[in-house]
Structure formats: C-alpha cells, structure tokens
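One structure below.
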Amino acid sequence: MRQVEISRALVFDDPRRARAFFEALVADNIGIGRPEQIAIVFARQVRKTTKGPFRTRVFDPGVDVKIDFSYKHSRIKQYLKDGRALRIEAVINKPSDLDILARLEHLPQLIDKARAINHRLLIIERAGQSCAIGSALFERIHQPYNREGHRTGALRFGDSRAMALAGALHILTHAVTGFTNKSLRGHVAGLLGQPYSPSKMSYDLRRLRLHGLIARLPHSNTYTLTPEGIRVAVFYSKLQNRLLRPLLDADKPPATIEIRRALKTLEAAVTDYIHNARLAPAA
C-alpha cells in the first residue's frame, strides 16, 4: 500500500455559516502541527529523536482555504467541499508511521487507525472552539479555596506555575484514559524549565481538584479533566500564546514606538483586570 485516504464529511445547512466556521477553525488551530499536538492526533509518541516533519500549512488556492497537518510521511487535510461540507482526510503514505505493515491484508487495521486520527482531530478542534470562560469562573479560580474545612491556593492567570499547569493540562486535554501525578508532572516540569517535585505536583493536583477543574477516578490515582477544566486549560493557554507572549516579544526594537506604546497600554489593561480579580471578595 503506497497511499490510503480515509475521509469524513460534516455538511452544514448554510454555505455562509460553513465558510465563517471553517475560517475561524483554521485561525484557532494553526498550532496543531506542533509535535506535542500532532502526537495526540496520531496517537504516537514524539521524542527529540523522532524525525519530522511536524507542521501546519495553510493553502489559499483561489477563494478556497485548505489546511494541512503533517506527521512524518502522513498528513491530514481539511477543507470545505462544495462550499458547505467540512471534509477531513487522513492521508497515510507510509503505514509504518502507524506501526502497520504495508501488505493489503493489513488494510482494515490501517482504516481503523486513520478513522481514529480523523476523530481525534475533531475532538481537539471541538475543545478549542468557544473556550472563553465566564467572569464568575475566572474570578472563582483566582481566589483561594476555603470551603467545608478544605483550604488551598488560587490559580491566577500570569503566575508561572499556574500557567505551566494550564499548559500541561492543555496537552493532556484529549487523554481519554486520564493522567497521573507522574504523567502530568513531566509536562509541568518541562514548561516550567526547573525542578518540580512529586510533592508540588500532589499539592497542585489538590488545588485543581478543589477548584473543580479535575476529578479523581474512583479507587485509583488517575485524574480526568472536567468540562470547566478543559475550558480553563485551553483558554489560559491560548491567551498566553496569542496575547502575553506576543506582547513580550513585540515590545522590543525594531518595533515602532507607536506599536510599543499600544502594546504597553494593552498589557496594562490586562494586568489591571487580573489585579482586580485577585482583590475581589470570594463568592
């Protein structure tokens, strides 16, 4: 088998809505081609020694926009077909990328894995759509938890440890079987860039659980994200990657003085909002 394509189509009732939705989908999911995200889509481990490419490409042939996520010799294409159907195509050019032998008798296995890839991509994109959190939830997690005899710290936006937790949970948003202290700790330590002990991870798991962002599976040491946890993880990560990080990077020469002043004003507004949320009385 040299190439196998497995597709799925979602048909919209209105072409205008389909185009608006797809353009927003492309803008929100440019980062899926990065190693940590594409590894989730293809259900493969990506190490430093894993050969790429891992990338996202956006094509604009004429008036139609197409997006392409690559993993090794395989890729996923997304585009609007006939202006009203969202089409997802997993294109497997080398079955060994998915640990499948290239003989025809293994085609059913390859089809199952390709369909699972399409499904995981849709799950990731669904989590990223409309991830904004309401002010009540934002303010609640910015306050220390103190109810029914339980106390724990807040999860404030901008705090390096809280942001590393959100980023790690974002990576594990689609871990269907859940995650443990050990599996989450590795991601948090990598994002923090400094030592992060099991005891710190235990404390942060308790913080996340009491704030209602994760739930512990009965009779186990495994946790899963709650719906609120998914929204907070995606919202924090997107705001960090699309607002704060560009602010910090752009507030340097050779940016013009007008751009730097505008960024300073925006940064001050965000800081004031976060500061006011910290001072707000607990509900």
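Within each chain, counting starts at residue 1; across the structure tokens, chains are named A, B, ... in the order shown, with ligands numbered 1 upward in that order.
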### Message
At a cut-off of 10 Å, using only C-alpha atoms, what residues contact A:Arg207? Leave out same-chain residues fewer than 5 positions from it and give the result as JSON, numbers by chain.
### Response
{"A": [141, 144, 145, 151, 152, 153, 154, 155, 201, 202, 212, 213, 214]}
### Task
Identify all residues of stretch 51-227 of chain A in strand (DSSP E or B) (DSSP on the backbone) and supply them as a PyMOL selection string.
chain A and resi 54-59+66-71+74-81+85-92+145-147+150-152+179+214-216+223-225
Set out as a Markdown table a contact list for stretch 116-188 of chain A and stretch 90-95 of chain A with a cut-off of 10 Å, giving each residue of stretch 116-188 of chain A that qualifies its closest atom pair and distance in Å to one decimal, counting only C-alpha atoms, ordered by chain and rising residue number.
| residue | atom | partner | partner_atom | distance |
| --- | --- | --- | --- | --- |
| A:Ala116 | CA | A:Ala90 | CA | 9.5 |
| A:Ile117 | CA | A:Ala90 | CA | 7.0 |
| A:Asn118 | CA | A:Ala90 | CA | 6.4 |
| A:Leu121 | CA | A:Ala90 | CA | 10.0 |
### Message
Report, in Å with one decimal, the straight-line distance from atom CA of A:Asn181 to atom CA of A:Tyr203.
### Response
10.2 Å
What are the closest atom pairs, with distances in Å to one decimal, for each residue of stretch 140-205 of chain A lying within 6 Å of stretch 217-222 of chain A, using only C-alpha atoms, rows by chain and rising residue number, as a tab-separated table?
residue	atom	partner	partner_atom	distance
A:Gly178	CA	A:Thr222	CA	6.0
A:Phe179	CA	A:Thr222	CA	5.4
A:Thr180	CA	A:Thr222	CA	4.8
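Excluding A:His142 itself and any same-chain residue fewer than 2 positions from it, the protein and nucleic acid residues within 8 Å of it, counting only C-alpha atoms, are Phe138, Glu139, Arg140, Pro144, Ala154, Leu155, Arg156, Phe157, Ala277 and Arg278 of chain A.
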Written file, previous selection with C-alpha atoms, as an mmCIF file, in the first residue's frame:
data_model
loop_
_atom_site.group_PDB
_atom_site.id
_atom_site.type_symbol
_atom_site.label_atom_id
_atom_site.label_comp_id
_atom_site.auth_asym_id
_atom_site.auth_seq_id
_atom_site.Cartn_x
_atom_site.Cartn_y
_atom_site.Cartn_z
ATOM 1 C CA PHE A 138 -12.386 33.302 36.140
ATOM 2 C CA GLU A 139 -12.840 35.082 39.476
ATOM 3 C CA ARG A 140 -13.572 31.853 41.345
ATOM 4 C CA PRO A 144 -8.059 30.718 47.440
ATOM 5 C CA ALA A 154 -5.677 30.182 43.886
ATOM 6 C CA LEU A 155 -4.843 29.519 40.220
ATOM 7 C CA ARG A 156 -4.078 33.024 38.994
ATOM 8 C CA PHE A 157 -3.541 33.821 35.354
ATOM 9 C CA ALA A 277 -9.824 39.809 40.053
ATOM 10 C CA ARG A 278 -7.317 38.978 42.796
#
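Excluding A:Leu98 and any residue on its chain fewer than 4 positions from it, the residues at most 9 Å away by only C-alpha atoms are Phe42, Ala43, Arg44, Ile92, Lys94, Leu110 and Lys113 of chain A.
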Could the residues in this selection be saved with C-alpha atoms as a PDB file, in the first residue's frame?
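Once everything was written out, this is result20.pdb:
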ATOM      1  CA  PHE A  42      -1.797  10.450  15.522  1.00  0.00           C
ATOM      2  CA  ALA A  43      -1.622   8.762  18.972  1.00  0.00           C
ATOM      3  CA  ARG A  44       2.152   8.482  18.638  1.00  0.00           C
ATOM      4  CA  ILE A  92      -1.324   7.690   5.050  1.00  0.00           C
ATOM      5  CA  LYS A  94       3.637   5.040   4.813  1.00  0.00           C
ATOM      6  CA  LEU A 110      -4.959   0.902   8.737  1.00  0.00           C
ATOM      7  CA  LYS A 113      -6.366   3.873  12.734  1.00  0.00           C
TER       8      LYS A 113
END
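Shortest atom-to-atom contact with A:Ser183 among A:Gly31, A:Ala215, A:Tyr223, A:Ile38: A:Tyr223, counting only C-alpha atoms.
Restricting the calculation to only C-alpha atoms, the smallest distance between A:Gln109 and any of A:Thr226, A:Val4, A:Gly149, A:His187 is found for A:Val4.
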### Query
Taking only C-alpha atoms into account, which of A:Glu89, A:Arg185, A:Lys51, A:Val26 comes nearest A:Ile111?
A:Glu89
### Task
Run DSSP on the backbone and grab whatever in stretch 29-204 of chain A lands in helix (DSSP H, G or I); send it over as JSON, numbers by chain.
{"A": [30, 31, 32, 33, 35, 36, 37, 38, 39, 40, 41, 42, 95, 96, 97, 98, 104, 105, 106, 107, 108, 109, 110, 111, 112, 113, 114, 115, 116, 117, 118, 119, 120, 121, 122, 123, 124, 125, 126, 127, 128, 135, 136, 137, 138, 139, 140, 141, 160, 161, 162, 163, 164, 165, 166, 167, 168, 169, 170, 171, 181, 182, 183, 184, 185, 186, 187, 188, 189, 190, 191, 192, 198, 199, 200, 201, 202, 203, 204]}
### Query
Got a sec: who's within 8 Å of A:Leu25, counting only C-alpha atoms, leaving out chain neighbours fewer than 3 positions off, as a PyMOL selection string?
chain A and resi 21-22+28-29+125+129
Could you please take those selected residues and save C-alpha atoms as an mmCIF file, in the first residue's frame?
data_model
loop_
_atom_site.group_PDB
_atom_site.id
_atom_site.type_symbol
_atom_site.label_atom_id
_atom_site.label_comp_id
_atom_site.auth_asym_id
_atom_site.auth_seq_id
_atom_site.Cartn_x
_atom_site.Cartn_y
_atom_site.Cartn_z
ATOM 1 C CA PHE A 21 -16.978 28.452 10.824
ATOM 2 C CA PHE A 22 -14.134 26.985 8.789
ATOM 3 C CA ASP A 28 -7.794 28.688 16.067
ATOM 4 C CA ASN A 29 -5.897 25.513 15.174
ATOM 5 C CA GLU A 125 -10.780 21.282 17.449
ATOM 6 C CA GLN A 129 -13.825 26.304 19.895
#
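Straight-line separation from atom CA of A:Arg17 to atom CA of A:Glu228: 27.0 Å.
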